[in-house]
Amino acid sequence: MTEVKKASFNFMNFVINECSLDFTKDRTSELNISFNPSGKHFLKTNTFKLFVNVKIINGNKEQIVDINTESTFKFSSDLKNLSTFFTKNAPAIIFPYIRAFVSSLSVQSGHKPILIPTLNLSGLAKVLESNIEVVES
């Protein structure tokens, strides 16, 4: 039997810190989704925290959704290409949680559900890379 190796980059936690959904605004027009990612790389604990703010705006430029998330990842100290794990893998891992949260909450509200489509978030990598703070302690 083949031994299974433990992953070098591990997803530990996902939380919604703040959330605002407004079902009184028009949702019949196309919804625009924006992401504002940032992160903290904790050197001593080999931990990465990813913060993502997600806003959904309708065609009238009215905010429908505003969510602030925080995710924690642990990694082995010998992991190569950390930047790729932080900027590409971490957002891809947490995005389904954001989609599910918005969908579930909107379905349970009794209103028409807000369904965020599957998206390729690799375009966030450069923005996120410039918004990562390295923490020594």
# chains A, B, ... in the order shown; residues from 1 in each chain; ligands from 1

$ closest_atom_pairs --of "range 42-73 of chain A" --to "range 96-107 of chain A" --cutoff "12 Å" --atoms "only C-alpha atoms" --output "JSON lines"
{"residue": "A:Phe51", "atom": "CA", "partner": "A:Ile98", "partner_atom": "CA", "distance": 11.9}
{"residue": "A:Val52", "atom": "CA", "partner": "A:Ile98", "partner_atom": "CA", "distance": 9.5}
{"residue": "A:Asn53", "atom": "CA", "partner": "A:Ile98", "partner_atom": "CA", "distance": 10.1}
{"residue": "A:Val54", "atom": "CA", "partner": "A:Ile98", "partner_atom": "CA", "distance": 8.5}
{"residue": "A:Lys55", "atom": "CA", "partner": "A:Val102", "partner_atom": "CA", "distance": 11.1}
{"residue": "A:Ile56", "atom": "CA", "partner": "A:Val102", "partner_atom": "CA", "distance": 10.4}
{"residue": "A:Ile64", "atom": "CA", "partner": "A:Val102", "partner_atom": "CA", "distance": 10.8}
{"residue": "A:Val65", "atom": "CA", "partner": "A:Val102", "partner_atom": "CA", "distance": 8.3}
{"residue": "A:Asp66", "atom": "CA", "partner": "A:Val102", "partner_atom": "CA", "distance": 10.0}
{"residue": "A:Ile67", "atom": "CA", "partner": "A:Ile98", "partner_atom": "CA", "distance": 8.6}
{"residue": "A:Asn68", "atom": "CA", "partner": "A:Ile98", "partner_atom": "CA", "distance": 9.7}
{"residue": "A:Thr69", "atom": "CA", "partner": "A:Ile98", "partner_atom": "CA", "distance": 8.1}
{"residue": "A:Glu70", "atom": "CA", "partner": "A:Ile98", "partner_atom": "CA", "distance": 10.7}
{"residue": "A:Ser71", "atom": "CA", "partner": "A:Tyr97", "partner_atom": "CA", "distance": 10.3}

$ closest_atom_pairs --of "range 2-59 of chain A" --to "range 77-87 of chain A" --cutoff "9 Å" --atoms "only C-alpha atoms" --output "tab-separated table"
residue	atom	partner	partner_atom	distance
A:Ser8	CA	A:Leu79	CA	6.4
A:Phe9	CA	A:Phe85	CA	7.5
A:Gly39	CA	A:Phe86	CA	8.1
A:His41	CA	A:Phe86	CA	8.7
A:Asn46	CA	A:Ser77	CA	6.4
A:Phe48	CA	A:Phe86	CA	7.4
A:Lys49	CA	A:Phe86	CA	8.9
A:Leu50	CA	A:Phe86	CA	7.9

$ select_by_dssp --residues "range 28-126 of chain A" --states "strand (DSSP E)" --output "NGL selection string"
:A and (32-42 or 47-57 or 63-75)

$ write_last_selection --atoms "C-alpha atoms" --output "PDB file, in the first residue's frame"
ATOM      1  CA  ASN A  32     -20.953  42.998 -10.841  1.00  0.00           C
ATOM      2  CA  ILE A  33     -18.685  41.176  -8.416  1.00  0.00           C
ATOM      3  CA  SER A  34     -15.494  42.726  -7.052  1.00  0.00           C
ATOM      4  CA  PHE A  35     -12.833  41.219  -4.819  1.00  0.00           C
ATOM      5  CA  ASN A  36     -10.361  43.054  -2.614  1.00  0.00           C
ATOM      6  CA  PRO A  37      -7.817  40.535  -1.252  1.00  0.00           C
ATOM      7  CA  SER A  38      -5.031  41.056   1.250  1.00  0.00           C
ATOM      8  CA  GLY A  39      -2.938  38.784   3.412  1.00  0.00           C
ATOM      9  CA  LYS A  40      -0.554  38.396   6.312  1.00  0.00           C
ATOM     10  CA  HIS A  41       2.389  35.998   6.215  1.00  0.00           C
ATOM     11  CA  PHE A  42       3.427  35.089   9.775  1.00  0.00           C
ATOM     12  CA  THR A  47       0.890  30.708   8.828  1.00  0.00           C
ATOM     13  CA  PHE A  48      -0.858  32.727   6.155  1.00  0.00           C
ATOM     14  CA  LYS A  49      -4.073  34.668   6.715  1.00  0.00           C
ATOM     15  CA  LEU A  50      -6.071  35.605   3.657  1.00  0.00           C
ATOM     16  CA  PHE A  51      -8.585  38.442   3.934  1.00  0.00           C
ATOM     17  CA  VAL A  52     -11.082  38.879   1.112  1.00  0.00           C
ATOM     18  CA  ASN A  53     -13.723  41.565   0.794  1.00  0.00           C
ATOM     19  CA  VAL A  54     -16.422  40.688  -1.738  1.00  0.00           C
ATOM     20  CA  LYS A  55     -18.874  43.256  -3.045  1.00  0.00           C
ATOM     21  CA  ILE A  56     -21.758  42.639  -5.415  1.00  0.00           C
ATOM     22  CA  ILE A  57     -23.201  45.723  -7.088  1.00  0.00           C
ATOM     23  CA  GLN A  63     -24.543  47.483  -3.249  1.00  0.00           C
ATOM     24  CA  ILE A  64     -26.325  44.155  -2.778  1.00  0.00           C
ATOM     25  CA  VAL A  65     -23.636  42.180  -0.918  1.00  0.00           C
ATOM     26  CA  ASP A  66     -20.633  43.200   1.180  1.00  0.00           C
ATOM     27  CA  ILE A  67     -18.709  40.404   2.914  1.00  0.00           C
ATOM     28  CA  ASN A  68     -15.400  40.358   4.784  1.00  0.00           C
ATOM     29  CA  THR A  69     -13.798  36.930   5.127  1.00  0.00           C
ATOM     30  CA  GLU A  70     -10.718  35.631   6.909  1.00  0.00           C
ATOM     31  CA  SER A  71      -9.036  32.319   6.146  1.00  0.00           C
ATOM     32  CA  THR A  72      -6.063  30.658   7.791  1.00  0.00           C
ATOM     33  CA  PHE A  73      -3.521  28.385   6.120  1.00  0.00           C
ATOM     34  CA  LYS A  74      -0.527  26.534   7.610  1.00  0.00           C
ATOM     35  CA  PHE A  75       2.422  25.402   5.552  1.00  0.00           C
TER      36      PHE A  75
END

$ atom_distance --atom1 "CA of Ser76 in chain A" --atom2 "CA of Glu3 in chain A"
18.5 Å

$ select_by_dssp --residues "range 1-136 of chain A" --states "helix (DSSP H, G or I)" --output "PyMOL selection string"
chain A and resi 82-108+121-130

$ write_last_selection --atoms "C-alpha atoms" --output "PDB file, in the first residue's frame"
ATOM      1  CA  LEU A  82       5.062  30.186  -1.336  1.00  0.00           C
ATOM      2  CA  SER A  83       3.932  33.161  -3.359  1.00  0.00           C
ATOM      3  CA  THR A  84       1.934  30.909  -5.698  1.00  0.00           C
ATOM      4  CA  PHE A  85       0.224  29.176  -2.784  1.00  0.00           C
ATOM      5  CA  PHE A  86      -0.642  32.526  -1.201  1.00  0.00           C
ATOM      6  CA  THR A  87      -1.798  34.324  -4.341  1.00  0.00           C
ATOM      7  CA  LYS A  88      -3.407  31.587  -6.433  1.00  0.00           C
ATOM      8  CA  ASN A  89      -4.169  28.516  -4.345  1.00  0.00           C
ATOM      9  CA  ALA A  90      -5.543  30.229  -1.226  1.00  0.00           C
ATOM     10  CA  PRO A  91      -8.185  32.330  -3.074  1.00  0.00           C
ATOM     11  CA  ALA A  92      -9.197  29.293  -5.160  1.00  0.00           C
ATOM     12  CA  ILE A  93      -9.656  27.228  -1.992  1.00  0.00           C
ATOM     13  CA  ILE A  94     -11.878  29.743  -0.182  1.00  0.00           C
ATOM     14  CA  PHE A  95     -13.974  30.954  -3.128  1.00  0.00           C
ATOM     15  CA  PRO A  96     -16.432  27.999  -2.962  1.00  0.00           C
ATOM     16  CA  TYR A  97     -17.075  28.844   0.703  1.00  0.00           C
ATOM     17  CA  ILE A  98     -17.960  32.427  -0.223  1.00  0.00           C
ATOM     18  CA  ARG A  99     -20.247  31.241  -3.042  1.00  0.00           C
ATOM     19  CA  ALA A 100     -21.987  28.740  -0.768  1.00  0.00           C
ATOM     20  CA  PHE A 101     -22.457  31.283   2.020  1.00  0.00           C
ATOM     21  CA  VAL A 102     -24.086  33.881  -0.235  1.00  0.00           C
ATOM     22  CA  SER A 103     -26.244  31.274  -1.946  1.00  0.00           C
ATOM     23  CA  SER A 104     -27.404  29.616   1.296  1.00  0.00           C
ATOM     24  CA  LEU A 105     -28.173  32.864   3.072  1.00  0.00           C
ATOM     25  CA  SER A 106     -30.068  34.296   0.123  1.00  0.00           C
ATOM     26  CA  VAL A 107     -32.074  31.084  -0.418  1.00  0.00           C
ATOM     27  CA  GLN A 108     -33.096  31.027   3.247  1.00  0.00           C
ATOM     28  CA  LEU A 121      -9.604  34.145  -9.573  1.00  0.00           C
ATOM     29  CA  SER A 122      -6.048  33.917 -10.931  1.00  0.00           C
ATOM     30  CA  GLY A 123      -6.357  37.564 -11.986  1.00  0.00           C
ATOM     31  CA  LEU A 124      -6.317  38.518  -8.285  1.00  0.00           C
ATOM     32  CA  ALA A 125      -2.764  37.197  -7.858  1.00  0.00           C
ATOM     33  CA  LYS A 126      -0.942  40.460  -8.640  1.00  0.00           C
ATOM     34  CA  VAL A 127      -3.273  42.550  -6.478  1.00  0.00           C
ATOM     35  CA  LEU A 128      -2.985  40.100  -3.604  1.00  0.00           C
ATOM     36  CA  GLU A 129       0.791  39.851  -3.944  1.00  0.00           C
ATOM     37  CA  SER A 130       1.104  43.608  -3.470  1.00  0.00           C
TER      38      SER A 130
END

$ atom_distance --atom1 "CA of Thr45 in chain A" --atom2 "CA of Glu133 in chain A"
14.4 Å

$ closest_residue --among "A:Leu31, A:Val134, A:Val4, A:Cys19" --to "Leu115 in chain A" --atoms "only C-alpha atoms"
A:Leu31

$ atom_distance --atom1 "CA of Pro117 in chain A" --atom2 "CA of Thr24 in chain A"
21.4 Å

$ residues_around --residues "Ser29 in chain A" --least-positions-apart "3" --cutoff "8 Å" --atoms "only C-alpha atoms" --output "PyMOL selection string"
chain A and resi 26+58-59

$ write_last_selection --atoms "C-alpha atoms" --output "PDB file, in the first residue's frame"
ATOM      1  CA  ASP A  26     -32.937  45.579  -7.783  1.00  0.00           C
ATOM      2  CA  ASN A  58     -26.278  45.868  -9.332  1.00  0.00           C
ATOM      3  CA  GLY A  59     -26.607  47.731 -12.645  1.00  0.00           C
TER       4      GLY A  59
END

$ decode --residues "range 4-137 of chain A" --atoms "C-alpha atoms" --output "PDB file, in the first residue's frame"
ATOM      1  CA  VAL A   4      -0.059   9.086   1.714  1.00  0.00           C
ATOM      2  CA  LYS A   5       2.006  12.217   2.230  1.00  0.00           C
ATOM      3  CA  LYS A   6       0.654  15.061   4.285  1.00  0.00           C
ATOM      4  CA  ALA A   7       0.035  18.235   2.272  1.00  0.00           C
ATOM      5  CA  SER A   8       2.604  21.016   2.580  1.00  0.00           C
ATOM      6  CA  PHE A   9      -0.071  23.744   2.404  1.00  0.00           C
ATOM      7  CA  ASN A  10      -3.103  23.201   4.633  1.00  0.00           C
ATOM      8  CA  PHE A  11      -6.409  25.049   4.845  1.00  0.00           C
ATOM      9  CA  MET A  12      -7.215  25.499   8.546  1.00  0.00           C
ATOM     10  CA  ASN A  13     -10.148  27.872   8.925  1.00  0.00           C
ATOM     11  CA  PHE A  14     -12.657  30.101   7.139  1.00  0.00           C
ATOM     12  CA  VAL A  15     -14.811  32.717   8.864  1.00  0.00           C
ATOM     13  CA  ILE A  16     -17.134  35.514   7.810  1.00  0.00           C
ATOM     14  CA  ASN A  17     -16.207  38.542   9.928  1.00  0.00           C
ATOM     15  CA  GLU A  18     -18.799  40.930   8.493  1.00  0.00           C
ATOM     16  CA  CYS A  19     -21.720  40.498   6.150  1.00  0.00           C
ATOM     17  CA  SER A  20     -24.343  42.756   4.634  1.00  0.00           C
ATOM     18  CA  LEU A  21     -26.967  41.545   2.149  1.00  0.00           C
ATOM     19  CA  ASP A  22     -29.661  43.926   0.929  1.00  0.00           C
ATOM     20  CA  PHE A  23     -32.606  42.197  -0.722  1.00  0.00           C
ATOM     21  CA  THR A  24     -34.524  45.428  -1.282  1.00  0.00           C
ATOM     22  CA  LYS A  25     -32.272  46.524  -4.155  1.00  0.00           C
ATOM     23  CA  ASP A  26     -32.937  45.579  -7.783  1.00  0.00           C
ATOM     24  CA  ARG A  27     -31.334  42.263  -8.729  1.00  0.00           C
ATOM     25  CA  THR A  28     -32.823  41.837 -12.200  1.00  0.00           C
ATOM     26  CA  SER A  29     -29.908  43.538 -13.965  1.00  0.00           C
ATOM     27  CA  GLU A  30     -26.449  42.039 -14.307  1.00  0.00           C
ATOM     28  CA  LEU A  31     -24.601  41.909 -11.005  1.00  0.00           C
ATOM     29  CA  ASN A  32     -20.953  42.998 -10.841  1.00  0.00           C
ATOM     30  CA  ILE A  33     -18.685  41.176  -8.416  1.00  0.00           C
ATOM     31  CA  SER A  34     -15.494  42.726  -7.052  1.00  0.00           C
ATOM     32  CA  PHE A  35     -12.833  41.219  -4.819  1.00  0.00           C
ATOM     33  CA  ASN A  36     -10.361  43.054  -2.614  1.00  0.00           C
ATOM     34  CA  PRO A  37      -7.817  40.535  -1.252  1.00  0.00           C
ATOM     35  CA  SER A  38      -5.031  41.056   1.250  1.00  0.00           C
ATOM     36  CA  GLY A  39      -2.938  38.784   3.412  1.00  0.00           C
ATOM     37  CA  LYS A  40      -0.554  38.396   6.312  1.00  0.00           C
ATOM     38  CA  HIS A  41       2.389  35.998   6.215  1.00  0.00           C
ATOM     39  CA  PHE A  42       3.427  35.089   9.775  1.00  0.00           C
ATOM     40  CA  LEU A  43       7.044  33.940   9.514  1.00  0.00           C
ATOM     41  CA  LYS A  44       7.483  32.362  12.963  1.00  0.00           C
ATOM     42  CA  THR A  45       4.348  30.216  12.818  1.00  0.00           C
ATOM     43  CA  ASN A  46       4.409  29.354   9.080  1.00  0.00           C
ATOM     44  CA  THR A  47       0.890  30.708   8.828  1.00  0.00           C
ATOM     45  CA  PHE A  48      -0.858  32.727   6.155  1.00  0.00           C
ATOM     46  CA  LYS A  49      -4.073  34.668   6.715  1.00  0.00           C
ATOM     47  CA  LEU A  50      -6.071  35.605   3.657  1.00  0.00           C
ATOM     48  CA  PHE A  51      -8.585  38.442   3.934  1.00  0.00           C
ATOM     49  CA  VAL A  52     -11.082  38.879   1.112  1.00  0.00           C
ATOM     50  CA  ASN A  53     -13.723  41.565   0.794  1.00  0.00           C
ATOM     51  CA  VAL A  54     -16.422  40.688  -1.738  1.00  0.00           C
ATOM     52  CA  LYS A  55     -18.874  43.256  -3.045  1.00  0.00           C
ATOM     53  CA  ILE A  56     -21.758  42.639  -5.415  1.00  0.00           C
ATOM     54  CA  ILE A  57     -23.201  45.723  -7.088  1.00  0.00           C
ATOM     55  CA  ASN A  58     -26.278  45.868  -9.332  1.00  0.00           C
ATOM     56  CA  GLY A  59     -26.607  47.731 -12.645  1.00  0.00           C
ATOM     57  CA  ASN A  60     -27.793  50.841 -10.765  1.00  0.00           C
ATOM     58  CA  LYS A  61     -24.504  50.849  -8.807  1.00  0.00           C
ATOM     59  CA  GLU A  62     -26.323  49.835  -5.616  1.00  0.00           C
ATOM     60  CA  GLN A  63     -24.543  47.483  -3.249  1.00  0.00           C
ATOM     61  CA  ILE A  64     -26.325  44.155  -2.778  1.00  0.00           C
ATOM     62  CA  VAL A  65     -23.636  42.180  -0.918  1.00  0.00           C
ATOM     63  CA  ASP A  66     -20.633  43.200   1.180  1.00  0.00           C
ATOM     64  CA  ILE A  67     -18.709  40.404   2.914  1.00  0.00           C
ATOM     65  CA  ASN A  68     -15.400  40.358   4.784  1.00  0.00           C
ATOM     66  CA  THR A  69     -13.798  36.930   5.127  1.00  0.00           C
ATOM     67  CA  GLU A  70     -10.718  35.631   6.909  1.00  0.00           C
ATOM     68  CA  SER A  71      -9.036  32.319   6.146  1.00  0.00           C
ATOM     69  CA  THR A  72      -6.063  30.658   7.791  1.00  0.00           C
ATOM     70  CA  PHE A  73      -3.521  28.385   6.120  1.00  0.00           C
ATOM     71  CA  LYS A  74      -0.527  26.534   7.610  1.00  0.00           C
ATOM     72  CA  PHE A  75       2.422  25.402   5.552  1.00  0.00           C
ATOM     73  CA  SER A  76       5.665  23.517   6.001  1.00  0.00           C
ATOM     74  CA  SER A  77       8.795  25.622   6.315  1.00  0.00           C
ATOM     75  CA  ASP A  78      10.448  23.919   3.319  1.00  0.00           C
ATOM     76  CA  LEU A  79       7.571  24.662   0.920  1.00  0.00           C
ATOM     77  CA  LYS A  80       8.799  26.113  -2.363  1.00  0.00           C
ATOM     78  CA  ASN A  81       6.924  28.792  -4.346  1.00  0.00           C
ATOM     79  CA  LEU A  82       5.062  30.186  -1.336  1.00  0.00           C
ATOM     80  CA  SER A  83       3.932  33.161  -3.359  1.00  0.00           C
ATOM     81  CA  THR A  84       1.934  30.909  -5.698  1.00  0.00           C
ATOM     82  CA  PHE A  85       0.224  29.176  -2.784  1.00  0.00           C
ATOM     83  CA  PHE A  86      -0.642  32.526  -1.201  1.00  0.00           C
ATOM     84  CA  THR A  87      -1.798  34.324  -4.341  1.00  0.00           C
ATOM     85  CA  LYS A  88      -3.407  31.587  -6.433  1.00  0.00           C
ATOM     86  CA  ASN A  89      -4.169  28.516  -4.345  1.00  0.00           C
ATOM     87  CA  ALA A  90      -5.543  30.229  -1.226  1.00  0.00           C
ATOM     88  CA  PRO A  91      -8.185  32.330  -3.074  1.00  0.00           C
ATOM     89  CA  ALA A  92      -9.197  29.293  -5.160  1.00  0.00           C
ATOM     90  CA  ILE A  93      -9.656  27.228  -1.992  1.00  0.00           C
ATOM     91  CA  ILE A  94     -11.878  29.743  -0.182  1.00  0.00           C
ATOM     92  CA  PHE A  95     -13.974  30.954  -3.128  1.00  0.00           C
ATOM     93  CA  PRO A  96     -16.432  27.999  -2.962  1.00  0.00           C
ATOM     94  CA  TYR A  97     -17.075  28.844   0.703  1.00  0.00           C
ATOM     95  CA  ILE A  98     -17.960  32.427  -0.223  1.00  0.00           C
ATOM     96  CA  ARG A  99     -20.247  31.241  -3.042  1.00  0.00           C
ATOM     97  CA  ALA A 100     -21.987  28.740  -0.768  1.00  0.00           C
ATOM     98  CA  PHE A 101     -22.457  31.283   2.020  1.00  0.00           C
ATOM     99  CA  VAL A 102     -24.086  33.881  -0.235  1.00  0.00           C
ATOM    100  CA  SER A 103     -26.244  31.274  -1.946  1.00  0.00           C
ATOM    101  CA  SER A 104     -27.404  29.616   1.296  1.00  0.00           C
ATOM    102  CA  LEU A 105     -28.173  32.864   3.072  1.00  0.00           C
ATOM    103  CA  SER A 106     -30.068  34.296   0.123  1.00  0.00           C
ATOM    104  CA  VAL A 107     -32.074  31.084  -0.418  1.00  0.00           C
ATOM    105  CA  GLN A 108     -33.096  31.027   3.247  1.00  0.00           C
ATOM    106  CA  SER A 109     -34.209  34.672   3.105  1.00  0.00           C
ATOM    107  CA  GLY A 110     -37.252  33.827   1.003  1.00  0.00           C
ATOM    108  CA  HIS A 111     -36.038  36.081  -1.817  1.00  0.00           C
ATOM    109  CA  LYS A 112     -34.648  35.117  -5.201  1.00  0.00           C
ATOM    110  CA  PRO A 113     -31.259  33.527  -4.517  1.00  0.00           C
ATOM    111  CA  ILE A 114     -28.006  35.279  -5.330  1.00  0.00           C
ATOM    112  CA  LEU A 115     -25.909  32.790  -7.256  1.00  0.00           C
ATOM    113  CA  ILE A 116     -22.278  33.735  -7.744  1.00  0.00           C
ATOM    114  CA  PRO A 117     -20.944  31.982 -10.840  1.00  0.00           C
ATOM    115  CA  THR A 118     -17.808  29.893 -10.832  1.00  0.00           C
ATOM    116  CA  LEU A 119     -14.933  32.281 -11.503  1.00  0.00           C
ATOM    117  CA  ASN A 120     -11.242  31.980 -12.239  1.00  0.00           C
ATOM    118  CA  LEU A 121      -9.604  34.145  -9.573  1.00  0.00           C
ATOM    119  CA  SER A 122      -6.048  33.917 -10.931  1.00  0.00           C
ATOM    120  CA  GLY A 123      -6.357  37.564 -11.986  1.00  0.00           C
ATOM    121  CA  LEU A 124      -6.317  38.518  -8.285  1.00  0.00           C
ATOM    122  CA  ALA A 125      -2.764  37.197  -7.858  1.00  0.00           C
ATOM    123  CA  LYS A 126      -0.942  40.460  -8.640  1.00  0.00           C
ATOM    124  CA  VAL A 127      -3.273  42.550  -6.478  1.00  0.00           C
ATOM    125  CA  LEU A 128      -2.985  40.100  -3.604  1.00  0.00           C
ATOM    126  CA  GLU A 129       0.791  39.851  -3.944  1.00  0.00           C
ATOM    127  CA  SER A 130       1.104  43.608  -3.470  1.00  0.00           C
ATOM    128  CA  ASN A 131      -1.248  43.465  -0.453  1.00  0.00           C
ATOM    129  CA  ILE A 132       0.579  40.818   1.604  1.00  0.00           C
ATOM    130  CA  GLU A 133       2.159  41.988   4.839  1.00  0.00           C
ATOM    131  CA  VAL A 134       5.029  39.953   6.264  1.00  0.00           C
ATOM    132  CA  VAL A 135       4.852  39.679  10.054  1.00  0.00           C
ATOM    133  CA  GLU A 136       8.087  38.740  11.865  1.00  0.00           C
ATOM    134  CA  SER A 137       6.543  37.738  15.195  1.00  0.00           C
TER     135      SER A 137
END
